[in-house]
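Q: The structure is given below, and queries will be raised subsequently.
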Protein chains: 2
Amino acid sequence: MRATTIHAPFDLRVEEVPDARVREPTDAVVRVVRACICGSDLWAYRGEAERQPGQRIGHEFLGVVEEAGHQVTGFAPGDLVVAPFVWSDGTCEFCVEGLQTSCPQGGFWGSPGSDGGQGEAVRVPFADATLVGLPAAALSDERLLTALLALSDVLGTGHHAALGAGVTKGSTVAVVGDGAVGLCGVLAARRLGAERIIALGRHRVRTDIARTFGATDVVAARGDEAVAAVRELTGGHGAHAVIEAVGTEESMRTAVGITRDGGAVGYVGVPHGSGTGLDLGVMFDRNIALRGGVAPVRAYIPELLPDVLDGTVDPSPVFDMTVGLDGVPEGYRAMDGRTALKVLVKP
Amino acid sequence: MRATTIHAPFDLRVEEVPDARVREPTDAVVRVVRACICGSDLWAYRGEAERQPGQRIGHEFLGVVEEAGHQVTGFAPGDLVVAPFVWSDGTCEFCVEGLQTSCPQGGFWGSPGSDGGQGEAVRVPFADATLVGLPAAALSDERLLTALLALSDVLGTGHHAALGAGVTKGSTVAVVGDGAVGLCGVLAARRLGAERIIALGRHRVRTDIARTFGATDVVAARGDEAVAAVRELTGGHGAHAVIEAVGTEESMRTAVGITRDGGAVGYVGVPHGSGTGLDLGVMFDRNIALRGGVAPVRAYIPELLPDVLDGTVDPSPVFDMTVGLDGVPEGYRAMDGRTALKVLVKP
């Protein structure tokens with residue numbers, strides 16, 4: 001089969017790799033119908049996260065079960081399924097409590113020895129626990145299929161950020177980051193009943209999507225200027241709930257700066273300097289909490305799925321470019337150059 | 001009147017200062033019956049927190065109302081009252097929601113221009129909002145009076161840490177720090193229904209108090225050794241709820257290291273390096289939350305008071321040395337040298 005591999009920074013190849021096949025009786029093989037490129041893939045692409053030469057890449061996909069091991073009881077060939085970005089065994093204490101990202105038997109697609117989502121097929125360990133079934137009818141609904149793909153990562157990650165930030169009915173929320181996760185944070189905050197949602201971003205196309213997703217205000221500034229603007233919008237105090245969806249020192253500093261005393265920063269941007277953006281003295285004096293991390297998306301899919309199916313929540317606008325498998329390297333270039341927001345892959 | 005002043009690091013004096021008096025109609029003057037020395041006072045004593053020469057010191061006291069401004073309706077001369085370590089107006093949005101430490105009109109005892117607790121009397125701004133009444137009978141009950149004094153800071157601060165750490169019925173809790181706040185954290189965790197409480201500390205006298213307060217296990221180690229020991233006690237995973245009551249880089253690093261994935265660190269140790277003890281990459285991967293800060297003790301007194309009055313919660317054993325006002329400098333020396341845990345002051 002063919003799949004995307006990464007050999008060095010900026011050196012992605014789409015090449016022949018061993019076919020995905022059932023190795024354990026709990027495995028399934030999923031033929032990828034839709035995949036996509038994540039902002040966090042860019043850390044590897046740019047060499048800021050290390051990869052072994054030839055390692056697979058891509059951790060978001062949905063597809064059709066092609067083969068199922070004999071211990072797989074929940075899925076059969078032909079089933080349409082979505083995979084969260086981490087596989088998990090479904091039986092350990094962490095899985096049972098909904099923190100599948102801490103499953104000792106879990107792992108990330110594209111980690112050494114595993115298939116990546118940006119390829120023709122993926123071997124899925126613990127298929128019964130990992131995969132979530134989707135209605136087959138979605139296969140003929142292009143928009144819905146795209147929206148469902150967001151369940152593999154960005155929508156659940158935005159939801160995790162909103163929960164971490166403590167968004168509830170009536171909250172005032174601010175979102176740092178206008179990438180796909182930040183935008184899904186807006187969507188998740190609206191879904192949780194936020195009354196006011198302030199999106200920070202300087203790219204008009206993106207902030208327009210933010211408005212479509214429920215943002216009531218847009219702050220087109222960064223750093224101190226952004227902090228001042230959000231404070232002005234919130235009676236001087238900042239937002240109760242702040243979503244940090246970037247992971248840099250500046251974005252975290254901004255996030256803390258715009259959080260109201262007693263509020264929380266829900267952070268899901270993979271930390272790349274954001275630790276140094278935390279001024280603990282300020283957070284201490286103002287009782288600002290920090291909650292978040294790698295999102296246990298698997299736990300959220302059952303809750304989010306009905307809203308995506310009935311169209312109440314539609315993250316599909318975050319995908320603004322589509323490529324075939326051969327176009328994956330071009331998709332990375334576009335996202336790296338910020339000419340694309342999020343790239344959909346149709347293998 | 002006489003009060004303790006700080007002139008330079010290690011230079012404390014008990015000297016004549018202007019009498020405390022009602023300046024605003026909402027003020028009361030409280031004659032101090034009991035005060036004490038806080039671990040956080042040592043930061044000023046050691047010169048690690050700056051003070052103006054001659055500034056007052058001490059932020060924990062209870063006493064008898066001596067004079068009340070004409071707008072004070074809740075208290076009259078002769079009333080026994082306890083003061084939280086921050087005064088607050090009781091009417092702003094932060095006070096209304098129980099975050100009195102963020103009151104724009106609030107302040108700390110001993111800040112420039114205000115009286116400190118380690119003196120004969122204190123002018124209390126916004127007396128109706130700031131003070132909490134106590135039964136006069138406590139005046140003749142030495143143990144109870146001492147226990148009630150802990151409501152001014154350490155007990156409420158321990159409670160804040162326990163809430164920040166997410167302690168609930170059945171929790172497994174670990175407490176970093178065997179000072180008075182850490183010990184009160186043990187007490188608060190037990191009160192909130194923790195099933196298992198692991199106290200970290202290497203001072204036998206203190207860990208014995210921890211056991212009296214409800215600790216089920218004691219780990220007499222620091223750093224990596226402590227992390228390994230707590231993990232061994234908790235099936236390899238660490239504690240759901242961790243109280244950080246020190247504020248140094250090492251203590252925070254230990255706290256994060258012993259927190260179970262998906263758990264939280266409740267931090268109340270005034271940050272003195274603890275920011276650099278936060279490895280955000282580790283916290284991200286393991287979904288460890290950080291909550292806490294300066295405790296809004298005023299909000300907690302009404303909840304904690306009944307349990308102190310009926311003896312269900314008795315923090316009085318944290319006081320292990322008593323001095324008169326002239327003995328305050330000696331009390332600091334004893335706490336600085338760790339020969340005293342917490343010093344009670346009877347002016």
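Residue numbering restarts at 1 in every chain; chains get A, B, ... in the order shown in the structure tokens, and ligands count up from 1 in that same order.
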Need to verify the contact set: Met1 of chain B, 8 Å, only C-alpha atoms, exclusion of same-chain residues closer than 3 positions in sequence. Can you return it as a list in words?
A: Glu16, Val17, Pro18, Asp19, Ala20, Gly119, Glu120 and Ala121 of chain B
Q: If we count only C-alpha atoms and set the cut-off at 8 Å, which residues sit around Pro296 of chain B, ignoring sequence neighbours fewer than 2 positions away in its own chain? Please answer as a list in words.
A: Gly98, Leu99, Gln100, Thr101, Gly156, Thr157, His160, Val294, Arg298, Ala299 and Tyr300 of chain B
Q: Dump N, CA and C atoms for the selected residues as a short mmCIF file (atom, residue, chain, number, x, y, z; two decimals), in the first residue's frame?
A:
data_model
loop_
_atom_site.label_atom_id
_atom_site.label_comp_id
_atom_site.auth_asym_id
_atom_site.auth_seq_id
_atom_site.Cartn_x
_atom_site.Cartn_y
_atom_site.Cartn_z
N GLY B 98 -16.94 35.15 46.20
CA GLY B 98 -16.09 34.42 47.14
C GLY B 98 -14.61 34.43 46.80
N LEU B 99 -14.19 35.40 46.00
CA LEU B 99 -12.76 35.53 45.71
C LEU B 99 -12.29 36.87 46.28
N GLN B 100 -12.42 36.99 47.60
CA GLN B 100 -12.14 38.26 48.27
C GLN B 100 -10.69 38.70 48.11
N THR B 101 -9.79 37.76 47.80
CA THR B 101 -8.39 38.12 47.60
C THR B 101 -8.19 38.97 46.35
N GLY B 156 -7.79 27.78 56.33
CA GLY B 156 -8.45 28.12 55.07
C GLY B 156 -7.53 27.91 53.88
N THR B 157 -6.25 28.15 54.08
CA THR B 157 -5.29 27.94 52.99
C THR B 157 -5.14 26.45 52.69
N HIS B 160 -8.17 25.53 50.77
CA HIS B 160 -8.07 26.01 49.38
C HIS B 160 -7.19 25.04 48.56
N VAL B 294 -3.43 32.29 46.14
CA VAL B 294 -3.67 32.92 47.44
C VAL B 294 -5.12 32.60 47.86
N ARG B 298 -11.52 34.33 53.62
CA ARG B 298 -12.77 34.92 54.11
C ARG B 298 -13.98 34.11 53.66
N ALA B 299 -13.89 33.56 52.44
CA ALA B 299 -15.02 32.79 51.90
C ALA B 299 -15.18 31.45 52.63
N TYR B 300 -14.09 30.96 53.20
CA TYR B 300 -14.14 29.62 53.79
C TYR B 300 -14.48 29.62 55.28
#
Q: Which one is closest to chain A: B:Asp224, B:Glu50, B:Asp217, B:Glu97? Count only C-alpha atoms.
A: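 Looking at the shortest contact to chain A, the residue is B:Glu97.
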Q: When you draw a straight line from atom CA of Leu278 of chain B to atom CA of Ala228 of chain B, how long is it in Å?
A: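 Computing it gives 18.0 Å between the two atoms.
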Q: Looking at B:Ala165, B:Leu192, B:Val154, B:Val323, which one is nearest to chain A, with distances taken over only C-alpha atoms?
A: B:Ala165
Q: What are the residues of chain A that have an atom within 6 Å of an atom of chain B, counting only C-alpha atoms, as JSON, numbers by chain?
A: {"A": [271, 275, 280, 281, 284, 285, 287, 289, 290, 291, 292, 293, 294]}
Q: Give the alpha helix (DSSP H) residues of segment 32-122 of chain B, as DSSP finds them on the backbone, and put them as a VMD selection string.
A: chain B and resid 41 to 45 93 to 96
Q: If we count only C-alpha atoms and set the cut-off at 12 Å, which residues sit around Asp89 of chain B, ignoring sequence neighbours fewer than 3 positions away in its own chain? Please answer as a ChimeraX atom specification.
A: /B:26-27,86,92-96,98-107,124-131,298
Q: Might you pull out every residue within 8 Å of Ala147 of chain B, with only C-alpha atoms counted and same-chain residues fewer than 4 positions away left off, and present them as JSON, numbers by chain?
A: {"B": [143, 151, 308, 314, 315, 316]}
Q: If you keep C-alpha atoms, can you produce a file of those selected residues as a PDB file, in the first residue's frame?
A:
ATOM      1  CA  ARG B 143      -7.287  25.403  73.012  1.00  0.00           C
ATOM      2  CA  LEU B 151      -9.085  30.319  60.517  1.00  0.00           C
ATOM      3  CA  VAL B 308     -13.656  24.111  64.575  1.00  0.00           C
ATOM      4  CA  ASP B 314      -8.727  20.981  65.463  1.00  0.00           C
ATOM      5  CA  PRO B 315      -5.712  22.686  63.909  1.00  0.00           C
ATOM      6  CA  SER B 316      -4.370  23.867  67.288  1.00  0.00           C
TER       7      SER B 316
END
Q: Between atom CA of Ala35 of chain A and atom CA of Pro77 of chain A, what is the spacing in Å?
A: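 Between these atoms lies a distance of 19.1 Å.
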Q: From the options B:Pro25, B:Gly39, B:Gly117, B:Gly69, which residue's atoms come nearest to Ala334 of chain B, counting only C-alpha atoms?
A: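 Once distances to Ala334 of chain B are computed over only C-alpha atoms, the minimum belongs to B:Gly39.
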